[in-house]
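Participant: I'm passing along upload.cif; it holds mmCIF, C-alpha atoms.
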```
data_upload
#
loop_
_atom_site.label_atom_id
_atom_site.label_comp_id
_atom_site.auth_asym_id
_atom_site.auth_seq_id
_atom_site.Cartn_x
_atom_site.Cartn_y
_atom_site.Cartn_z
CA MET M 970 203.44 -118.82 216.65
CA ILE M 971 206.66 -120.72 217.04
CA GLN M 972 209.84 -120.58 215.05
CA PRO M 973 213.27 -122.10 215.53
CA VAL M 974 216.04 -119.53 215.96
CA HIS M 975 219.79 -119.51 216.35
CA LEU M 976 221.52 -116.75 218.28
CA ASP M 977 225.16 -116.11 217.50
CA TYR M 978 226.44 -114.46 220.69
CA ASP M 979 229.18 -114.79 223.27
CA PHE M 980 227.44 -116.51 226.17
CA ASP M 981 230.36 -116.43 228.61
CA ILE M 982 228.87 -113.62 230.70
CA PHE M 983 225.79 -115.77 231.32
CA LEU M 984 227.61 -119.02 231.91
CA ASN M 985 230.17 -117.53 234.29
CA ALA M 986 227.62 -115.71 236.45
CA ASP M 987 226.93 -116.59 240.07
CA TYR M 988 223.56 -118.35 240.09
CA SER M 989 223.67 -119.11 243.80
CA ILE M 990 222.26 -115.66 244.57
CA HIS M 991 218.76 -116.73 243.55
CA TYR M 992 216.63 -119.79 243.87
CA GLY M 993 212.92 -120.34 243.69
CA SER M 994 210.20 -122.59 242.42
CA CYS M 995 209.01 -122.02 238.88
CA ILE M 996 205.50 -123.12 239.87
CA LYS M 997 205.01 -120.30 242.39
CA HIS M 998 202.84 -118.35 239.95
CA GLN M 999 201.89 -121.13 237.54
CA ILE M 1000 199.62 -122.86 240.01
CA TYR M 1001 197.40 -119.76 240.26
CA GLU M 1002 197.75 -118.25 236.79
CA LEU M 1003 197.45 -121.31 234.57
CA THR M 1004 194.58 -123.22 236.08
CA ASP M 1005 193.01 -123.62 232.63
CA VAL M 1006 196.06 -125.62 231.55
CA HIS M 1007 195.99 -127.76 234.67
CA GLU M 1008 192.27 -128.43 234.57
CA GLN M 1009 192.57 -130.47 231.39
CA PHE M 1010 194.74 -132.90 233.38
CA GLY M 1011 192.51 -132.98 236.42
CA GLY M 1012 194.38 -130.31 238.34
CA PHE M 1013 197.97 -129.53 239.18
CA PRO M 1014 199.81 -132.66 240.38
CA LYS M 1015 200.63 -132.73 244.08
CA SER M 1016 203.95 -134.40 243.35
CA TYR M 1017 205.49 -131.15 242.10
CA CYS M 1018 207.10 -129.19 244.90
CA LEU M 1019 209.97 -126.76 245.48
CA GLU M 1020 212.63 -129.46 245.29
CA ASN M 1021 211.72 -130.72 241.82
CA THR M 1022 210.77 -127.37 240.28
CA LEU M 1023 213.75 -125.36 241.44
CA ILE M 1024 215.35 -122.77 239.17
CA HIS M 1025 218.13 -120.23 239.63
CA GLN M 1026 217.18 -117.18 237.58
CA LEU M 1027 219.22 -114.05 236.92
CA TRP M 1028 217.88 -110.87 235.34
CA TRP M 1029 220.10 -108.82 233.07
CA THR M 1030 219.66 -105.06 232.51
CA ASP M 1031 220.40 -103.14 229.33
CA THR M 1032 223.51 -101.73 230.97
CA GLN M 1033 224.89 -105.25 231.33
CA ILE M 1034 223.70 -106.63 228.00
CA ASP M 1035 223.30 -104.94 224.65
CA TYR M 1036 219.54 -105.24 224.16
CA GLN M 1037 219.74 -103.56 220.75
CA SER M 1038 222.17 -106.10 219.42
CA LEU M 1039 220.13 -109.03 220.73
CA GLY M 1040 216.95 -107.54 219.34
CA LYS M 1041 218.50 -107.05 215.92
CA LYS M 1042 219.59 -110.67 215.77
CA LEU M 1043 216.16 -111.94 216.80
CA ASN M 1044 213.99 -109.37 215.02
CA MET M 1045 212.37 -108.21 218.22
CA GLU M 1046 212.28 -105.27 220.59
CA VAL M 1047 213.86 -106.58 223.76
CA VAL M 1048 212.21 -105.70 227.07
CA THR M 1049 213.64 -108.26 229.51
CA VAL M 1050 216.55 -110.66 229.51
CA SER M 1051 217.04 -113.45 232.00
CA THR M 1052 219.02 -116.63 232.27
CA ILE M 1053 218.04 -119.77 234.11
CA LEU M 1054 220.13 -122.51 235.62
CA GLN M 1055 217.98 -125.62 235.96
CA PRO M 1056 219.68 -128.20 238.20
CA PRO M 1057 219.46 -131.94 237.60
CA GLY M 1058 216.16 -133.33 238.80
CA CYS M 1059 214.04 -130.29 238.10
CA VAL M 1060 211.07 -129.65 235.85
CA VAL M 1061 209.31 -126.53 234.68
CA PRO M 1062 205.94 -128.23 234.23
CA TYR M 1063 203.70 -127.81 231.21
CA HIS M 1064 202.80 -124.13 230.84
CA ARG M 1065 202.59 -121.19 228.51
CA ASP M 1066 204.46 -117.94 228.96
CA THR M 1067 202.26 -115.15 230.31
CA PHE M 1068 204.59 -112.16 229.74
CA PHE M 1069 203.58 -110.78 233.11
CA GLN M 1070 206.33 -108.16 233.37
CA ILE M 1071 205.85 -106.83 229.84
CA SER M 1072 202.09 -106.61 230.22
CA GLN M 1073 202.51 -104.66 233.44
CA ARG M 1074 205.02 -102.25 231.95
CA TYR M 1075 203.26 -101.80 228.60
CA PRO M 1076 199.58 -102.48 229.18
CA ASP M 1077 198.50 -100.55 226.05
CA ARG M 1078 200.86 -101.97 223.47
CA LYS M 1079 199.22 -104.32 221.00
CA GLU M 1080 202.22 -105.86 219.24
CA LEU M 1081 202.78 -109.58 219.60
CA LYS M 1082 204.70 -110.44 222.76
CA VAL M 1083 207.30 -113.14 222.20
CA ARG M 1084 210.05 -114.93 224.05
CA ALA M 1085 213.22 -116.40 222.61
CA ASN M 1086 214.36 -119.42 224.59
CA ILE M 1087 217.99 -120.03 223.76
CA TYR M 1088 220.17 -122.94 224.87
CA LEU M 1089 223.44 -121.62 226.27
CA GLU M 1090 225.30 -124.91 226.01
CA ASN M 1091 225.20 -127.93 223.76
CA TYR M 1092 222.66 -130.63 224.60
CA LYS M 1093 223.50 -133.04 227.36
CA LEU M 1094 221.82 -136.40 227.80
CA GLY M 1095 218.66 -136.30 229.87
CA GLN M 1096 217.78 -132.70 229.14
CA PHE M 1097 214.49 -132.14 227.34
CA ILE M 1098 212.24 -129.34 226.20
CA GLN M 1099 208.83 -130.29 224.85
CA TYR M 1100 206.43 -127.96 223.07
CA MET M 1101 203.12 -128.18 221.31
CA ASP M 1102 202.91 -127.26 217.66
CA ASP M 1103 199.99 -128.13 215.40
CA ASN M 1104 198.41 -130.04 218.26
CA THR M 1105 201.40 -132.38 218.42
CA VAL M 1106 204.05 -132.75 221.10
CA HIS M 1107 207.60 -132.17 219.91
CA THR M 1108 210.69 -133.01 221.94
CA SER M 1109 213.78 -130.88 221.55
CA VAL M 1110 217.07 -132.71 222.08
CA ASP M 1111 220.50 -132.68 220.44
CA TRP M 1112 220.68 -128.90 220.36
CA LYS M 1113 223.77 -126.75 219.94
CA ALA M 1114 224.59 -123.66 222.00
CA GLY M 1115 222.69 -120.75 220.47
CA ASP M 1116 219.81 -122.87 219.16
CA GLY M 1117 216.36 -122.19 220.48
CA PHE M 1118 212.80 -121.17 219.77
CA LEU M 1119 210.87 -117.96 219.52
CA TRP M 1120 207.28 -118.33 220.66
CA ASP M 1121 204.31 -116.39 221.89
CA SER M 1122 201.86 -117.03 224.71
CA ASP M 1123 199.94 -119.66 222.71
CA VAL M 1124 202.72 -122.24 222.77
CA LEU M 1125 202.45 -124.74 225.61
CA HIS M 1126 205.78 -126.18 226.66
CA LEU M 1127 207.76 -127.76 229.46
CA SER M 1128 211.42 -127.89 230.32
CA SER M 1129 213.22 -130.54 232.31
CA ASN M 1130 216.62 -131.65 233.38
CA ALA M 1131 216.68 -135.39 233.99
CA GLY M 1132 220.36 -135.36 233.18
CA MET M 1133 223.58 -135.20 235.12
CA GLN M 1134 224.67 -131.59 234.63
CA ASN M 1135 223.10 -128.16 235.00
CA LYS M 1136 221.06 -126.85 232.09
CA TYR M 1137 221.43 -123.17 231.16
CA THR M 1138 218.99 -121.22 229.04
CA LEU M 1139 218.56 -117.59 228.03
CA GLN M 1140 215.12 -115.99 227.88
CA ILE M 1141 214.78 -112.83 225.81
CA SER M 1142 211.31 -111.33 225.96
CA GLY M 1143 209.76 -108.44 224.13
CA PHE M 1144 207.75 -107.46 221.09
CA LEU M 1145 208.04 -109.07 217.70
CA LYS M 1146 209.04 -106.57 214.99
CA MET E 1054 216.85 -159.26 218.81
CA ILE E 1055 214.50 -156.51 219.92
CA LYS E 1056 211.39 -156.04 217.83
CA ASN E 1057 209.08 -153.22 218.76
CA ARG E 1058 205.45 -154.21 218.28
CA VAL E 1059 201.87 -153.19 218.82
CA VAL E 1060 199.79 -154.96 221.44
CA PRO E 1061 196.20 -153.73 221.41
CA ILE E 1062 194.91 -152.65 224.81
CA ARG E 1063 191.56 -154.44 225.10
CA TRP E 1064 190.76 -153.34 228.59
CA SER E 1065 189.67 -150.01 230.00
CA THR E 1066 191.26 -148.54 233.12
CA GLU E 1067 191.59 -151.70 235.22
CA HIS E 1068 195.32 -151.05 235.61
CA ARG E 1069 194.60 -147.81 237.45
CA ASP E 1070 192.67 -149.55 240.20
CA LEU E 1071 195.37 -152.02 241.21
CA PRO E 1072 197.39 -151.64 244.42
CA TYR E 1073 200.83 -150.14 243.85
CA ILE E 1074 203.91 -150.17 246.03
CA LYS E 1075 206.48 -147.39 245.90
CA ASP E 1076 209.89 -148.66 244.87
CA TYR E 1077 213.27 -147.01 244.49
CA PHE E 1078 216.13 -147.71 242.13
CA LYS E 1079 217.69 -151.06 242.88
CA ASP E 1080 221.31 -149.93 242.69
CA SER E 1081 221.92 -147.81 245.79
CA GLU E 1082 225.37 -146.70 244.61
CA GLN E 1083 223.91 -145.39 241.38
CA GLU E 1084 221.10 -143.73 243.29
CA SER E 1085 223.61 -142.05 245.63
CA ASN E 1086 225.50 -140.67 242.66
CA TRP E 1087 222.30 -139.20 241.25
CA ILE E 1088 221.48 -137.58 244.58
CA LYS E 1089 224.99 -136.11 244.80
CA LEU E 1090 224.35 -134.45 241.44
CA GLY E 1091 221.20 -132.80 242.77
CA HIS E 1092 218.45 -135.28 241.97
CA GLN E 1093 215.87 -135.47 244.73
CA PRO E 1094 215.44 -138.88 246.39
CA LYS E 1095 211.66 -138.65 246.31
CA ALA E 1096 211.67 -138.05 242.55
CA LEU E 1097 213.76 -141.16 241.88
CA CYS E 1098 210.99 -143.66 242.33
CA VAL E 1099 208.32 -145.71 240.64
CA GLU E 1100 205.15 -147.36 241.86
CA LEU E 1101 204.93 -151.05 241.06
CA HIS E 1102 202.23 -153.62 240.75
CA VAL E 1103 203.90 -156.99 240.36
CA ILE E 1104 201.75 -159.48 238.48
CA LYS E 1105 202.05 -163.04 239.73
CA ASP E 1106 199.31 -164.48 237.54
CA VAL E 1107 198.24 -162.64 234.44
CA TYR E 1108 194.80 -161.13 234.96
CA PRO E 1109 191.95 -162.47 232.80
CA TRP E 1110 191.52 -159.05 231.19
CA MET E 1111 195.08 -159.12 229.90
CA ASN E 1112 195.55 -162.83 229.32
CA TYR E 1113 196.02 -162.38 225.57
CA VAL E 1114 199.14 -160.24 226.01
CA PRO E 1115 201.72 -163.06 226.33
CA GLN E 1116 200.89 -164.34 222.84
CA TYR E 1117 202.40 -161.16 221.43
CA PHE E 1118 205.80 -162.24 222.74
CA PRO E 1119 206.44 -165.62 221.06
CA ASP E 1120 210.12 -164.72 220.82
CA LEU E 1121 210.52 -164.65 224.61
CA GLU E 1122 210.35 -167.23 227.37
CA ASN E 1123 210.39 -166.96 231.16
CA LEU E 1124 207.97 -164.07 230.85
CA SER E 1125 207.47 -161.78 233.81
CA PHE E 1126 204.98 -158.91 234.07
CA CYS E 1127 204.84 -155.81 236.19
CA ILE E 1128 202.84 -152.61 235.85
CA ASN E 1129 204.80 -149.42 236.48
CA ARG E 1130 203.19 -146.17 237.48
CA PHE E 1131 205.34 -143.04 237.41
CA PRO E 1132 203.59 -140.09 239.10
CA PRO E 1133 204.28 -136.61 237.65
CA GLY E 1134 207.81 -135.44 238.40
CA THR E 1135 209.29 -138.90 238.93
CA TYR E 1136 211.89 -140.47 236.72
CA PHE E 1137 215.02 -142.59 236.55
CA PRO E 1138 217.94 -140.83 234.84
CA MET E 1139 220.08 -142.70 232.32
CA HIS E 1140 220.65 -146.18 233.72
CA ILE E 1141 220.92 -149.88 233.05
CA ASP E 1142 218.39 -152.22 234.64
CA ARG E 1143 219.82 -154.73 237.11
CA TYR E 1144 217.35 -157.62 236.71
CA GLY E 1145 218.26 -158.83 240.19
CA TYR E 1146 214.86 -160.19 241.17
CA TYR E 1147 214.06 -161.49 237.69
CA SER E 1148 217.33 -163.33 237.19
CA LYS E 1149 217.11 -164.89 240.63
CA ALA E 1150 213.48 -165.93 240.29
CA ASN E 1151 214.10 -167.50 236.89
CA ASP E 1152 217.60 -168.76 237.61
CA ILE E 1153 219.08 -166.80 234.72
CA GLN E 1154 222.88 -166.94 234.71
CA ASP E 1155 223.48 -165.24 231.40
CA LEU E 1156 221.97 -161.76 231.67
CA SER E 1157 222.75 -161.04 228.02
CA SER E 1158 219.77 -163.17 227.00
CA ILE E 1159 217.34 -160.87 228.80
CA ALA E 1160 215.07 -158.51 226.90
CA ARG E 1161 212.74 -155.99 228.44
CA TYR E 1162 209.75 -154.34 226.81
CA VAL E 1163 207.40 -151.63 227.97
CA LEU E 1164 203.86 -151.62 226.71
CA PHE E 1165 202.30 -148.18 226.97
CA LEU E 1166 198.89 -148.62 228.56
CA GLU E 1167 197.61 -145.13 227.76
CA ASP E 1168 198.27 -142.49 225.14
CA SER E 1169 201.12 -140.25 226.20
CA ILE E 1170 200.62 -136.67 227.27
CA PRO E 1171 203.27 -133.92 227.16
CA GLY E 1172 206.10 -134.78 229.54
CA HIS E 1173 205.84 -138.55 229.18
CA ILE E 1174 209.22 -139.63 227.88
CA LEU E 1175 211.19 -142.79 227.34
CA GLN E 1176 214.67 -142.61 225.91
CA ILE E 1177 216.35 -145.84 224.83
CA GLY E 1178 219.92 -145.23 223.78
CA ASP E 1179 219.71 -142.21 221.49
CA THR E 1180 216.05 -142.69 220.60
CA VAL E 1181 213.53 -140.53 222.42
CA TYR E 1182 209.96 -141.84 222.54
CA HIS E 1183 207.08 -139.46 223.15
CA ASN E 1184 203.67 -139.06 221.51
CA TRP E 1185 202.97 -142.75 221.82
CA PRO E 1186 199.56 -144.32 221.41
CA ALA E 1187 198.34 -146.89 223.92
CA GLY E 1188 199.45 -150.30 222.69
CA LEU E 1189 202.87 -149.34 221.39
CA CYS E 1190 205.45 -151.69 222.85
CA VAL E 1191 209.16 -150.90 222.72
CA GLY E 1192 212.08 -152.75 224.19
CA TRP E 1193 215.77 -153.04 224.81
CA GLU E 1194 218.41 -155.63 225.38
CA TYR E 1195 219.64 -156.17 228.89
CA SER E 1196 222.47 -153.62 229.07
CA THR E 1197 220.94 -150.80 227.05
CA LEU E 1198 221.05 -147.39 228.69
CA HIS E 1199 217.67 -145.72 229.01
CA ILE E 1200 215.77 -142.90 230.75
CA VAL E 1201 212.23 -143.24 232.02
CA ALA E 1202 210.54 -139.97 232.90
CA ASN E 1203 207.21 -138.51 233.74
CA LEU E 1204 207.67 -134.77 233.45
CA GLY E 1205 203.99 -134.35 232.74
CA MET E 1206 200.77 -133.69 234.61
CA GLN E 1207 199.25 -137.16 234.93
CA ASP E 1208 200.44 -140.62 235.93
CA ARG E 1209 202.31 -142.64 233.31
CA TYR E 1210 201.37 -146.33 233.14
CA THR E 1211 203.30 -149.09 231.41
CA LEU E 1212 203.23 -152.85 231.49
CA GLN E 1213 206.79 -154.05 231.79
CA ILE E 1214 207.46 -157.39 230.15
CA THR E 1215 210.72 -159.13 230.85
CA GLY E 1216 211.83 -162.36 229.23
CA THR E 1217 214.75 -164.27 227.82
CA GLN E 1218 215.22 -164.38 224.10
CA LYS E 1219 214.63 -167.80 222.52
#
```
Taking this structure as input, can you express it in the form of structure tokens?
Facilitator:
Amino acid sequence: MIQPVHLDYDFDIFLNADYSIHYGSCIKHQIYELTDVHEQFGGFPKSYCLENTLIHQLWWTDTQIDYQSLGKKLNMEVVTVSTILQPPGCVVPYHRDTFFQISQRYPDRKELKVRANIYLENYKLGQFIQYMDDNTVHTSVDWKAGDGFLWDSDVLHLSSNAGMQNKYTLQISGFLK
Amino acid sequence: MIKNRVVPIRWSTEHRDLPYIKDYFKDSEQESNWIKLGHQPKALCVELHVIKDVYPWMNYVPQYFPDLENLSFCINRFPPGTYFPMHIDRYGYYSKANDIQDLSSIARYVLFLEDSIPGHILQIGDTVYHNWPAGLCVGWEYSTLHIVANLGMQDRYTLQITGTQK
């Protein structure tokens, strides 16, 4: 499932945070966990490396962020909240979300696991998110701060910043109500 | 005037078997600015196969460009993760080779040689192209800003056609 969403929220706390405290490659787990996705393209491309898949990710606890309020706005039970700074020149290659943390914490819960991907700033040239819906590729551009998508683990997508400024997104994961 | 068109691809995968040479953006000042912003030098590249004489298997292609003269062909291969951010082409080699003084007469087209996959993107001005079928050919006038990107999982092949408008 996929649905467009808009989150009305004050994003200053996310945008003013210090992202330099974390960096890592988004493909660290993808290359082992999503081999079925990569096989259809003949394997994971060797040209992706740390430098072009870098993200700065911060995790936010429910003492820092009001999970209840976010969940109410998005019609979901919030389990994790993170924000990502994607620098210019970086790609999160084609993948689907695996909800690793939620599955570990709640292995017996059967409700649909979903993630809201919210843009924290207005669109800037060169920034793209692509996703599959109805077997067709869609490209998201021209977004406003607060726009985004709610999707489950079926939706293949990629995120890239071929632009000139950092791209900030908010990921709210949990169970659909 | 730019007119997007369809040029049927009547060959198989011959373009994949050609020798390619890695090339970087021709404007080093622009490239330096990109790198200062965080772009990685090794991502800012393309692999080129310059065509001196049109191959027999593609010799029908020029007839689809009756509105252009001084035609020049080059096949571009962008490996996954490579791209050129928003830029204007410089046409340095083309204008010199064809003795073109007035760059405003130049038009450039890209003919997509294969169906796109997720992550294959071309943005010309405000228009984002994705989901293209092999054979779609889109273009721009000389000073149009554009982004070429392969954010996907397989190589992205295009035939680049440059000419002057009649």
Participant: Quick one: residues within 8 Å of E:Glu1194, only C-alpha atoms counted, chain neighbours fewer than 6 positions away excluded, as an MDAnalysis selection string?
Facilitator: chainID E and resid 1054:1055 1157:1161
Participant: Assuming the chain letters and numbering stay as they are in my file, what does the PyMOL selection byres ((chain M) within 6 of (chain E)) actually select? List them as a list in words.
Facilitator: Pro1014, Pro1057, Gly1058 and Ala1131 of chain M
Participant: Mind checking which residues fall within 10 Å of M:Glu1090, counting only C-alpha atoms, ignoring those fewer than 5 positions away in the same chain, and posting them as a PyMOL selection string?
Facilitator: chain M and resi 980+984+1112-1116+1135-1138
Participant: Near M:Cys1018, within 9 Å and counting only C-alpha atoms, which residues show up once chain neighbours fewer than 4 positions away are dropped, as a PyMOL selection string?
Facilitator: chain M and resi 994+996+1022-1023
Participant: Please save C-alpha atoms of the selected residues as a PDB file, in the frame of the given file.
Facilitator:
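So the final result, stored in out26.pdb, reads:
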```
ATOM      1  CA  SER M 994     210.200-122.590 242.420  1.00  0.00           C
ATOM      2  CA  ILE M 996     205.500-123.120 239.870  1.00  0.00           C
ATOM      3  CA  THR M1022     210.770-127.370 240.280  1.00  0.00           C
ATOM      4  CA  LEU M1023     213.750-125.360 241.440  1.00  0.00           C
TER       5      LEU M1023
END
```
Participant: Would you write out, as a list in words, every residue that the PyMOL selection byres ((chain M and resi 1035) around 12) captures in this file?
Facilitator: Tyr978, Asp979, Ile982, Trp1029, Thr1030, Asp1031, Thr1032, Gln1033, Ile1034, Tyr1036, Gln1037, Ser1038, Leu1039, Gly1040, Lys1041, Lys1042, Glu1046, Val1047, Val1048, Thr1049, Val1050 and Ile1141 of chain M
Participant: Can I get the selection written as a tab-separated table (two decimals), in the frame of the given file, with C-alpha atoms?
Facilitator:
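Saved to out-v4.tsv:
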```
chain	number	residue	atom	x	y	z
M	978	TYR	CA	226.44	-114.46	220.69
M	979	ASP	CA	229.18	-114.79	223.27
M	982	ILE	CA	228.87	-113.62	230.70
M	1029	TRP	CA	220.10	-108.82	233.07
M	1030	THR	CA	219.66	-105.06	232.51
M	1031	ASP	CA	220.40	-103.14	229.33
M	1032	THR	CA	223.51	-101.73	230.97
M	1033	GLN	CA	224.89	-105.25	231.33
M	1034	ILE	CA	223.70	-106.63	228.00
M	1036	TYR	CA	219.54	-105.24	224.16
M	1037	GLN	CA	219.74	-103.56	220.75
M	1038	SER	CA	222.17	-106.10	219.42
M	1039	LEU	CA	220.13	-109.03	220.73
M	1040	GLY	CA	216.95	-107.54	219.34
M	1041	LYS	CA	218.50	-107.05	215.92
M	1042	LYS	CA	219.59	-110.67	215.77
M	1046	GLU	CA	212.28	-105.27	220.59
M	1047	VAL	CA	213.86	-106.58	223.76
M	1048	VAL	CA	212.21	-105.70	227.07
M	1049	THR	CA	213.64	-108.26	229.51
M	1050	VAL	CA	216.55	-110.66	229.51
M	1141	ILE	CA	214.78	-112.83	225.81
```
Participant: Given the choices M:Gly1143, M:Gln1134, M:Ile1024, M:Leu1043, which gets closest to M:Arg1074 if the distance is worked out from only C-alpha atoms?
Facilitator: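 Of the candidates, the smallest distance to M:Arg1074 is held by M:Gly1143.
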Participant: Would you please work out which residue, of M:Tyr1092, M:Leu1125, M:Trp1120, M:Tyr1017, is nearest to M:Val1106 when using only C-alpha atoms?
Facilitator: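 Ranked by minimum distance to M:Val1106, first place goes to M:Leu1125.
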